[in-house]
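Below is coords.txt, holding compact mmCIF, C-alpha atoms and all ligand atoms.
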# COMPACT_ATOMS: atom_id res chain seq x y z
CA MET A 1 77.59 87.74 -97.05
CA GLY A 2 78.30 89.68 -100.22
CA THR A 3 81.89 89.93 -101.37
CA VAL A 4 82.96 93.56 -101.66
CA ILE A 5 85.38 94.42 -104.47
CA ALA A 6 86.92 97.86 -104.96
CA PHE A 7 88.05 98.92 -108.44
CA ALA A 8 90.88 101.26 -107.58
CA ASN A 9 93.74 103.12 -109.18
CA GLN A 10 94.70 106.69 -108.37
CA LYS A 11 95.65 107.15 -112.01
CA GLY A 12 92.85 108.69 -114.07
CA GLY A 13 91.34 107.18 -117.19
CA VAL A 14 92.58 103.61 -116.78
CA ALA A 15 89.10 102.02 -117.15
CA LYS A 16 88.08 101.69 -113.49
CA THR A 17 84.50 102.68 -114.30
CA THR A 18 84.34 100.69 -117.54
CA SER A 19 85.65 97.61 -115.72
CA THR A 20 83.23 98.01 -112.79
CA PHE A 21 80.25 98.30 -115.14
CA ASN A 22 81.21 95.48 -117.50
CA ILE A 23 82.11 93.07 -114.72
CA GLY A 24 78.91 94.05 -112.87
CA VAL A 25 76.82 93.19 -115.92
CA ALA A 26 78.78 89.95 -116.45
CA LEU A 27 78.22 88.85 -112.83
CA ALA A 28 74.49 89.65 -113.03
CA ARG A 29 74.23 87.68 -116.28
CA ALA A 30 75.86 84.76 -114.50
CA GLY A 31 73.00 84.86 -111.98
CA LYS A 32 74.83 86.70 -109.20
CA LYS A 33 73.01 89.45 -107.33
CA THR A 34 75.30 92.40 -107.89
CA LEU A 35 75.29 95.90 -106.46
CA MET A 36 77.50 98.57 -108.02
CA ILE A 37 78.37 101.67 -105.99
CA ASP A 38 79.45 104.86 -107.78
CA LEU A 39 81.98 106.46 -105.43
CA ASP A 40 83.18 109.15 -107.83
CA SER A 41 81.77 112.69 -107.97
CA GLN A 42 82.21 112.59 -111.75
CA ALA A 43 79.31 110.07 -111.67
CA SER A 44 80.74 108.21 -114.66
CA LEU A 45 79.35 104.87 -113.53
CA THR A 46 75.90 106.41 -113.07
CA ILE A 47 76.07 107.86 -116.58
CA SER A 48 77.45 104.59 -118.01
CA ALA A 49 74.40 102.85 -116.57
CA GLY A 50 72.21 105.21 -118.60
CA LEU A 51 71.10 107.48 -115.72
CA GLU A 52 71.19 111.26 -115.27
CA PRO A 53 72.98 112.02 -111.98
CA TYR A 54 70.87 115.14 -111.31
CA GLU A 55 67.61 113.25 -111.61
CA GLN A 56 68.47 110.90 -108.76
CA GLU A 57 66.93 111.80 -105.44
CA ASN A 58 68.99 109.56 -103.20
CA THR A 59 72.59 108.92 -104.09
CA ILE A 60 75.78 107.82 -102.35
CA VAL A 61 75.91 111.40 -101.04
CA SER A 62 72.73 110.93 -98.96
CA ALA A 63 74.06 107.61 -97.66
CA LEU A 64 77.38 109.09 -96.50
CA ASP A 65 76.42 112.54 -95.25
CA ARG A 66 74.96 113.30 -91.85
CA SER A 67 71.41 112.56 -93.01
CA GLY A 68 72.56 108.92 -93.22
CA VAL A 69 69.79 107.73 -95.55
CA PRO A 70 69.93 103.89 -95.54
CA LEU A 71 71.83 102.57 -98.55
CA SER A 72 68.78 100.44 -99.45
CA ARG A 73 66.89 103.69 -100.18
CA CYS A 74 69.70 104.94 -102.44
CA THR A 75 69.70 101.79 -104.57
CA LEU A 76 68.13 101.51 -108.02
CA GLU A 77 67.45 98.30 -109.92
CA LEU A 78 69.00 98.53 -113.39
CA LYS A 79 68.01 95.10 -114.66
CA PRO A 80 67.34 91.69 -113.13
CA GLY A 81 70.13 90.95 -110.67
CA LEU A 82 71.90 94.29 -111.07
CA TRP A 83 71.57 97.33 -108.82
CA LEU A 84 73.30 100.70 -108.61
CA VAL A 85 73.88 103.33 -105.96
CA PRO A 86 74.30 106.44 -108.12
CA SER A 87 76.56 109.42 -107.48
CA ARG A 88 76.44 113.14 -108.20
CA LEU A 89 78.74 116.14 -108.21
CA GLU A 90 77.98 117.05 -104.58
CA LEU A 91 80.08 114.07 -103.51
CA ALA A 92 83.10 116.33 -104.07
CA GLN A 93 81.88 118.73 -101.35
CA LEU A 94 80.94 115.90 -99.05
CA GLU A 95 84.42 114.49 -99.36
CA VAL A 96 85.87 117.61 -97.73
CA LEU A 97 83.41 117.26 -94.82
CA LEU A 98 84.17 113.56 -94.38
CA ILE A 99 87.74 114.39 -93.50
CA GLY A 100 86.52 116.09 -90.31
CA ARG A 101 84.35 113.18 -89.16
CA PRO A 102 85.42 110.74 -86.45
CA VAL A 103 86.34 107.26 -87.71
CA ARG A 104 86.19 108.68 -91.18
CA GLU A 105 87.73 105.59 -92.81
CA THR A 106 84.75 103.36 -92.10
CA ILE A 107 81.74 105.51 -93.02
CA LEU A 108 81.10 103.51 -96.21
CA ARG A 109 81.63 100.21 -94.41
CA ARG A 110 78.94 101.16 -91.89
CA ALA A 111 76.57 102.19 -94.69
CA ILE A 112 77.07 98.89 -96.54
CA GLU A 113 76.86 96.56 -93.53
CA PRO A 114 73.00 96.39 -93.28
CA VAL A 115 72.59 95.44 -96.98
CA ARG A 116 75.67 93.30 -97.43
CA SER A 117 73.84 89.98 -97.07
CA ARG A 118 71.36 90.87 -99.84
CA TYR A 119 73.97 90.65 -102.59
CA ASP A 120 76.51 88.14 -103.85
CA TYR A 121 78.84 90.93 -104.98
CA ILE A 122 79.22 94.61 -104.20
CA LEU A 123 81.47 96.44 -106.67
CA ILE A 124 82.80 99.89 -105.81
CA ASP A 125 83.99 102.26 -108.53
CA CYS A 126 86.65 104.47 -106.89
CA PRO A 127 87.66 107.99 -107.92
CA PRO A 128 91.08 108.67 -109.45
CA GLN A 129 92.79 109.76 -106.22
CA LEU A 130 93.99 107.98 -103.10
CA SER A 131 91.43 110.11 -101.28
CA ILE A 132 89.32 109.50 -98.19
CA LEU A 133 86.68 107.99 -100.52
CA THR A 134 89.11 105.46 -101.97
CA ILE A 135 90.33 104.70 -98.46
CA ASN A 136 86.71 104.11 -97.38
CA ALA A 137 86.29 101.66 -100.28
CA LEU A 138 89.50 99.81 -99.41
CA ALA A 139 88.52 99.78 -95.73
CA CYS A 140 85.39 97.75 -96.46
CA ALA A 141 86.56 95.63 -99.42
CA ASP A 142 87.45 91.95 -99.35
CA GLY A 143 89.42 92.41 -102.53
CA VAL A 144 90.77 95.08 -104.81
CA LEU A 145 90.90 94.82 -108.59
CA ILE A 146 93.32 97.17 -110.27
CA PRO A 147 92.63 98.28 -113.83
CA VAL A 148 95.83 99.56 -115.48
CA LYS A 149 96.30 100.98 -118.93
CA THR A 150 99.22 99.43 -120.77
CA ASP A 151 101.38 102.55 -120.70
CA TYR A 152 104.52 103.28 -118.74
CA LEU A 153 103.25 105.95 -116.35
CA ALA A 154 100.22 103.85 -115.44
CA TYR A 155 102.58 100.94 -114.77
CA ARG A 156 104.78 103.14 -112.56
CA GLY A 157 101.76 104.36 -110.56
CA LEU A 158 101.01 100.86 -109.26
CA GLU A 159 103.76 100.87 -106.64
CA GLN A 160 102.09 103.74 -104.74
CA LEU A 161 98.66 102.10 -104.88
CA LEU A 162 99.99 98.82 -103.53
CA GLU A 163 101.72 100.67 -100.71
CA THR A 164 98.39 102.26 -99.74
CA VAL A 165 96.67 98.88 -99.92
CA GLY A 166 99.36 97.50 -97.60
CA GLU A 167 98.81 100.30 -95.10
CA ILE A 168 95.04 99.88 -95.11
CA ARG A 169 95.51 96.16 -94.52
CA GLU A 170 97.75 96.83 -91.56
CA LEU A 171 95.73 99.62 -89.99
CA VAL A 172 92.03 99.14 -90.80
CA ASN A 173 91.16 96.06 -92.84
CA PRO A 174 93.29 92.92 -92.48
CA GLN A 175 90.80 91.11 -94.81
CA LEU A 176 91.81 93.10 -97.85
CA SER A 177 93.52 91.16 -100.62
CA VAL A 178 94.73 92.22 -104.03
CA LEU A 179 92.73 90.12 -106.49
CA GLY A 180 94.92 91.21 -109.37
CA VAL A 181 95.48 93.59 -112.23
CA ILE A 182 93.32 94.05 -115.32
CA ALA A 183 95.42 95.34 -118.20
CA THR A 184 93.13 97.65 -120.17
CA MET A 185 92.84 99.39 -123.54
CA TYR A 186 95.50 97.05 -124.88
CA GLU A 187 96.51 97.30 -128.50
CA THR A 188 98.29 94.20 -129.79
CA ARG A 189 99.84 96.08 -132.67
CA VAL A 190 101.48 98.76 -130.54
CA LYS A 191 104.99 97.76 -129.50
CA ASP A 192 104.92 99.92 -126.37
CA ASP A 193 101.68 98.25 -125.22
CA ARG A 194 103.24 94.81 -125.69
CA GLU A 195 106.31 95.79 -123.70
CA ILE A 196 104.34 97.28 -120.81
CA LEU A 197 102.04 94.26 -120.73
CA GLN A 198 105.12 92.08 -120.34
CA LEU A 199 106.42 94.24 -117.47
CA LEU A 200 103.01 94.05 -115.79
CA GLN A 201 102.90 90.28 -116.17
CA GLU A 202 106.40 89.85 -114.75
CA LYS A 203 105.68 91.90 -111.67
CA TYR A 204 101.96 91.52 -110.92
CA SER A 205 99.17 89.01 -111.22
CA VAL A 206 97.42 90.02 -114.45
CA ILE A 207 93.99 88.37 -114.53
CA ALA A 208 92.98 89.53 -117.99
CA THR A 209 94.02 91.81 -120.80
CA VAL A 210 91.14 93.81 -122.25
CA LYS A 211 91.70 95.09 -125.77
CA ARG A 212 90.89 98.60 -126.90
CA LEU A 213 87.61 98.44 -128.80
CA ALA A 214 85.29 101.17 -130.09
CA ALA A 215 82.22 99.24 -128.88
CA VAL A 216 83.40 99.53 -125.27
CA LYS A 217 83.49 103.31 -125.56
CA LYS A 218 80.23 103.42 -127.49
CA GLY A 219 78.56 101.34 -124.76
CA VAL A 220 79.00 104.27 -122.35
CA CYS A 221 76.72 106.47 -124.49
CA ASP A 222 74.14 103.71 -124.81
CA GLY A 223 74.17 102.53 -121.19
CA LYS A 224 75.26 99.09 -122.36
CA ALA A 225 78.06 96.71 -121.45
CA VAL A 226 80.26 95.34 -124.22
CA MET A 227 78.69 91.85 -123.88
CA GLU A 228 75.36 93.47 -124.76
CA GLN A 229 76.83 95.72 -127.43
CA LEU A 230 79.15 93.23 -129.16
CA PRO A 231 78.86 89.83 -127.47
CA ALA A 232 81.31 88.06 -129.77
CA SER A 233 84.14 90.56 -129.23
CA ASP A 234 87.42 89.86 -127.47
CA ALA A 235 86.68 92.61 -124.93
CA ALA A 236 83.37 90.94 -123.98
CA ALA A 237 85.12 87.59 -123.49
CA GLN A 238 87.91 89.25 -121.51
CA TYR A 239 85.53 90.95 -119.09
CA GLU A 240 83.60 87.68 -118.72
CA GLN A 241 86.92 86.04 -117.90
CA VAL A 242 87.47 88.46 -115.02
CA ALA A 243 83.91 87.80 -113.77
CA ALA A 244 84.61 84.05 -113.89
CA TYR A 245 87.84 84.59 -111.94
CA VAL A 246 85.97 86.60 -109.30
CA MET A 247 83.33 83.86 -108.94
CA GLU A 248 86.02 81.19 -108.63
CA ARG A 249 87.77 83.09 -105.87
CA GLY A 250 84.41 83.29 -104.08
N1 LIG B 1 88.62 98.53 -123.77
C1 LIG B 1 88.38 99.79 -124.11
N2 LIG B 1 88.37 100.17 -125.43
C2 LIG B 1 88.13 101.45 -125.78
N3 LIG B 1 87.87 102.43 -124.92
C3 LIG B 1 87.89 102.15 -123.61
C4 LIG B 1 88.14 100.82 -123.13
N4 LIG B 1 88.09 100.83 -121.78
C5 LIG B 1 87.80 102.11 -121.43
N5 LIG B 1 87.69 102.90 -122.51
C6 LIG B 1 87.43 104.34 -122.55
O1 LIG B 1 88.48 105.01 -121.88
C7 LIG B 1 88.00 106.15 -121.17
C8 LIG B 1 88.37 106.03 -119.70
O2 LIG B 1 87.70 104.92 -119.15
P1 LIG B 1 87.03 104.99 -117.70
O3 LIG B 1 86.18 106.19 -117.57
O4 LIG B 1 86.44 103.67 -117.42
O5 LIG B 1 88.35 105.18 -116.82
P2 LIG B 1 88.43 105.55 -115.27
O6 LIG B 1 89.68 104.94 -114.76
O7 LIG B 1 87.18 105.18 -114.58
O8 LIG B 1 88.56 107.13 -115.35
P3 LIG B 1 88.54 108.15 -114.10
O9 LIG B 1 89.89 108.01 -113.49
O10 LIG B 1 88.26 109.48 -114.69
O11 LIG B 1 87.47 107.67 -113.18
C9 LIG B 1 86.50 106.16 -121.40
O12 LIG B 1 86.22 107.04 -122.45
C10 LIG B 1 86.17 104.73 -121.79
O13 LIG B 1 85.02 104.65 -122.62
MG MG B 2 85.97 106.39 -113.35

Take the structure in this file and express it as structure tokens.
Ligand SMILES: Nc1ncnc2c1ncn2[C@@H]1O[C@H](COP(=O)(O)OP(=O)(O)OP(=O)(O)O)[C@@H](O)[C@H]1O
Ligand SMILES: [Mg+2]
Amino acid sequence: MGTVIAFANQKGGVAKTTSTFNIGVALARAGKKTLMIDLDSQASLTISAGLEPYEQENTIVSALDRSGVPLSRCTLELKPGLWLVPSRLELAQLEVLLIGRPVRETILRRAIEPVRSRYDYILIDCPPQLSILTINALACADGVLIPVKTDYLAYRGLEQLLETVGEIRELVNPQLSVLGVIATMYETRVKDDREILQLLQEKYSVIATVKRLAAVKKGVCDGKAVMEQLPASDAAAQYEQVAAYVMERG
């Protein structure tokens, strides 16, 4: 059975998408069959993978709306061992409709169930809100990875996220565990970054610290992960470290 991991943080721009994509590529390179699901109407993961959201016929929208297209038909192979369920803008409208559906927390879980055994890992890129979509991701995940930028407001936002995770665990998904925090866009030379990193490390389990690097950003335009763009960089090693941690935890 594939392990489902949600990349979640209600704070915007903390590298949820970048982390999902890079760790997805790292897992696939390590020989693990990996499916990435874009659960954000901004379709950033879809674009990061080098695809045009509007050119995709079946997306996460068709899998979650009433047409209920099987997830297997919404899945594209990106490279050997790596698949993607793309997203598109219409997910924003669907989200409003989902709220009126019965057992609305487990719509994604039910969509994933039939394909779960085909993959070693299923990574879900969540949107930057604690919305019904994020709740659906947490309701079907075995673990949550939390990317956090090393700045004070991002640090302060974690409390609320962990509360939500606690509630989901109690009410819908007792399986759910917090795998840890990924400190992102870290700049060693910035004093504030160093201080926030220390606060994060004191309070949470920080699995890796990913440095800010132009090649990570550039990779988004080229549809490439940092280990393909600049394999010898710290950021590549740091994302591989998270992938290794995930594989160790099973
Ligand atoms: N290590 C890094 N070095 C440099 N730039 C980075 C790094 N990680 C992420 N970025 C850049 O930071 C921006 C935000 O990253 P990303 O889109 O992954 O965040 P997000 O949390 O998914 O955002 P949203 O909340 O909008 O979904 C992007 O432009 C991305 O390219
Ligand atoms: Mg994103």

I'd like the neighbourhood of stretch 150-161 of chain A as a list in words, where a residue qualifies if any of its atoms comes within 6 Å (using only C-alpha atoms), though same-chain residues fewer than 2 positions away should be ignored.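 After dropping sequence-adjacent residues, the list is Glu163, Thr164, Asp193, Ile196 and Leu197 of chain A.
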
Could you work out how far atom CA of A:Arg73 lies from atom CA of A:Leu35, giving the answer in Å with one decimal? 13.1 Å

Atom CA of A:Ala28 to atom CA of A:Leu82, straight-line distance in Å: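 Separating atom CA of A:Leu82 from atom CA of A:Ala28 is a distance of 5.7 Å.
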
Selected residue of minimal separation from A:Gln10 among A:Pro128, A:Val226, A:Leu71, A:Leu64, counting all atoms listed in the file: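 When distances to A:Gln10 are compared using all atoms listed in the file, the smallest one comes from A:Pro128.
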
Identify, on the basis of only C-alpha atoms, every residue whose closest approach to A:Arg189 does not exceed 12 Å; exclude the query and any residue fewer than 4 positions from it along the same chain; express the result as an mmCIF file with C-alpha atoms, in the frame of the given file.
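Output file part10.cif is given in full below:
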data_model
loop_
_atom_site.group_PDB
_atom_site.id
_atom_site.type_symbol
_atom_site.label_atom_id
_atom_site.label_comp_id
_atom_site.auth_asym_id
_atom_site.auth_seq_id
_atom_site.Cartn_x
_atom_site.Cartn_y
_atom_site.Cartn_z
ATOM 1 C CA MET A 185 92.840 99.390 -123.540
ATOM 2 C CA ASP A 193 101.680 98.250 -125.220
ATOM 3 C CA ARG A 194 103.240 94.810 -125.690
ATOM 4 C CA GLU A 195 106.310 95.790 -123.700
ATOM 5 C CA LYS A 211 91.700 95.090 -125.770
ATOM 6 C CA ARG A 212 90.890 98.600 -126.900
#

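By chain and then residue number, the residues within 9 Å of A:Ser41 are Asp38, Ser44, Ser87, Arg88, Leu89, Glu90, Leu91, Ala92, Gln93 and Pro127 of chain A, counting all atoms listed in the file and disregarding those fewer than 3 positions away in sequence.
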
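In terms of minimum interatomic distance to A:Gln56, A:Leu84 ranks closest within A:Leu199, A:Ile23, A:Leu123, A:Leu84, counting all atoms listed in the file.
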
Distance query stretch 59-61 of chain A at most 12 Å, all atoms listed in the file, self and fewer than 6 positions along chain excluded, as a PyMOL selection string: chain A and resi 36-41+43+46+51-53+67-76+84-95+97-98+107-108+111-112+124-125+133

To one decimal place in Å, what is the distance between atom CA of A:Ala244 and atom CA of A:Ser48? 22.1 Å

Give one line per residue of chain A that approaches ligand LIG 1 (chain B) to at most 9 Å, naming the two atoms of the closest pair and their distance in Å to one decimal, counting only C-alpha atoms and all ligand atoms; sort by chain then ascending residue number and deliver it as a Markdown table.
| residue | atom | partner | partner_atom | distance |
| --- | --- | --- | --- | --- |
| A:Phe7 | CA | B:LIG1 | O7 | 8.8 |
| A:Ala8 | CA | B:LIG1 | O6 | 8.2 |
| A:Asn9 | CA | B:LIG1 | O6 | 7.1 |
| A:Gln10 | CA | B:LIG1 | O9 | 7.1 |
| A:Lys11 | CA | B:LIG1 | O9 | 6.0 |
| A:Gly12 | CA | B:LIG1 | O9 | 3.1 |
| A:Gly13 | CA | B:LIG1 | O8 | 3.3 |
| A:Val14 | CA | B:LIG1 | O6 | 3.8 |
| A:Ala15 | CA | B:LIG1 | O4 | 3.1 |
| A:Lys16 | CA | B:LIG1 | O7 | 3.8 |
| A:Thr17 | CA | B:LIG1 | O7 | 3.7 |
| A:Thr18 | CA | B:LIG1 | O4 | 3.6 |
| A:Ser19 | CA | B:LIG1 | O4 | 6.3 |
| A:Thr20 | CA | B:LIG1 | O4 | 8.0 |
| A:Phe21 | CA | B:LIG1 | O4 | 8.5 |
| A:Asp40 | CA | B:LIG1 | O11 | 7.0 |
| A:Gln42 | CA | B:LIG1 | O11 | 7.3 |
| A:Ala43 | CA | B:LIG1 | O11 | 8.6 |
| A:Ser44 | CA | B:LIG1 | O3 | 6.5 |
| A:Leu45 | CA | B:LIG1 | O7 | 7.9 |
| A:Ser48 | CA | B:LIG1 | O13 | 8.9 |
| A:Asp125 | CA | B:LIG1 | O7 | 7.4 |
| A:Cys126 | CA | B:LIG1 | O11 | 7.1 |
| A:Pro127 | CA | B:LIG1 | O11 | 5.3 |
| A:Pro128 | CA | B:LIG1 | O9 | 4.3 |
| A:Gln129 | CA | B:LIG1 | O9 | 8.0 |
| A:Pro147 | CA | B:LIG1 | O6 | 7.3 |
| A:Val148 | CA | B:LIG1 | O6 | 8.2 |
| A:Lys149 | CA | B:LIG1 | N4 | 8.7 |
| A:Thr184 | CA | B:LIG1 | N1 | 5.8 |
| A:Met185 | CA | B:LIG1 | N1 | 4.3 |
| A:Tyr186 | CA | B:LIG1 | N1 | 7.1 |
| A:Val210 | CA | B:LIG1 | N1 | 5.6 |
| A:Lys211 | CA | B:LIG1 | N1 | 5.0 |
| A:Arg212 | CA | B:LIG1 | N2 | 3.3 |
| A:Leu213 | CA | B:LIG1 | N2 | 3.9 |
| A:Ala214 | CA | B:LIG1 | C2 | 5.2 |
| A:Ala215 | CA | B:LIG1 | C2 | 7.0 |
| A:Val216 | CA | B:LIG1 | N2 | 5.0 |
| A:Lys217 | CA | B:LIG1 | O13 | 3.6 |
| A:Lys218 | CA | B:LIG1 | O13 | 6.9 |
| A:Gly219 | CA | B:LIG1 | O13 | 7.6 |
| A:Val220 | CA | B:LIG1 | O13 | 6.0 |
| A:Cys221 | CA | B:LIG1 | O13 | 8.7 |
| A:Val226 | CA | B:LIG1 | N1 | 9.0 |
| A:Ala235 | CA | B:LIG1 | N1 | 6.3 |

Let me make sure I understand: among A:Thr134, A:Ser205, A:Thr106, A:Ser117, which one has the smallest atom-to-atom distance to ligand MG 2 (chain B) if we use all atoms listed in the file?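 Among the listed residues, A:Thr134 lies closest to ligand MG 2 (chain B).
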
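Each of A:Pro114, A:Ile47, A:Lys33, A:Gln175 was checked against ligand MG 2 (chain B) using only C-alpha atoms and all ligand atoms; the smallest atom-to-atom distance is that of A:Ile47.
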
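Across A:Ala183, A:Asp120, A:Lys191, A:Val4, the tightest approach to A:Gln238 is made by A:Ala183 when counting all atoms listed in the file.
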
Residue with smallest distance to A:Val172 - pool A:Asp234, A:Glu240, A:Glu105, A:Asp142, counting all atoms listed in the file: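 Among the listed residues, A:Glu105 lies closest to A:Val172.
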
Could you list as an MDAnalysis selection string every residue that has an atom within 9 Å of (86.4, 90.1, -105.2), using the file's coordinates and counting all atoms listed in the file? chainID A and resid 3:6 121:123 141:145 177:179 245:247 249:250
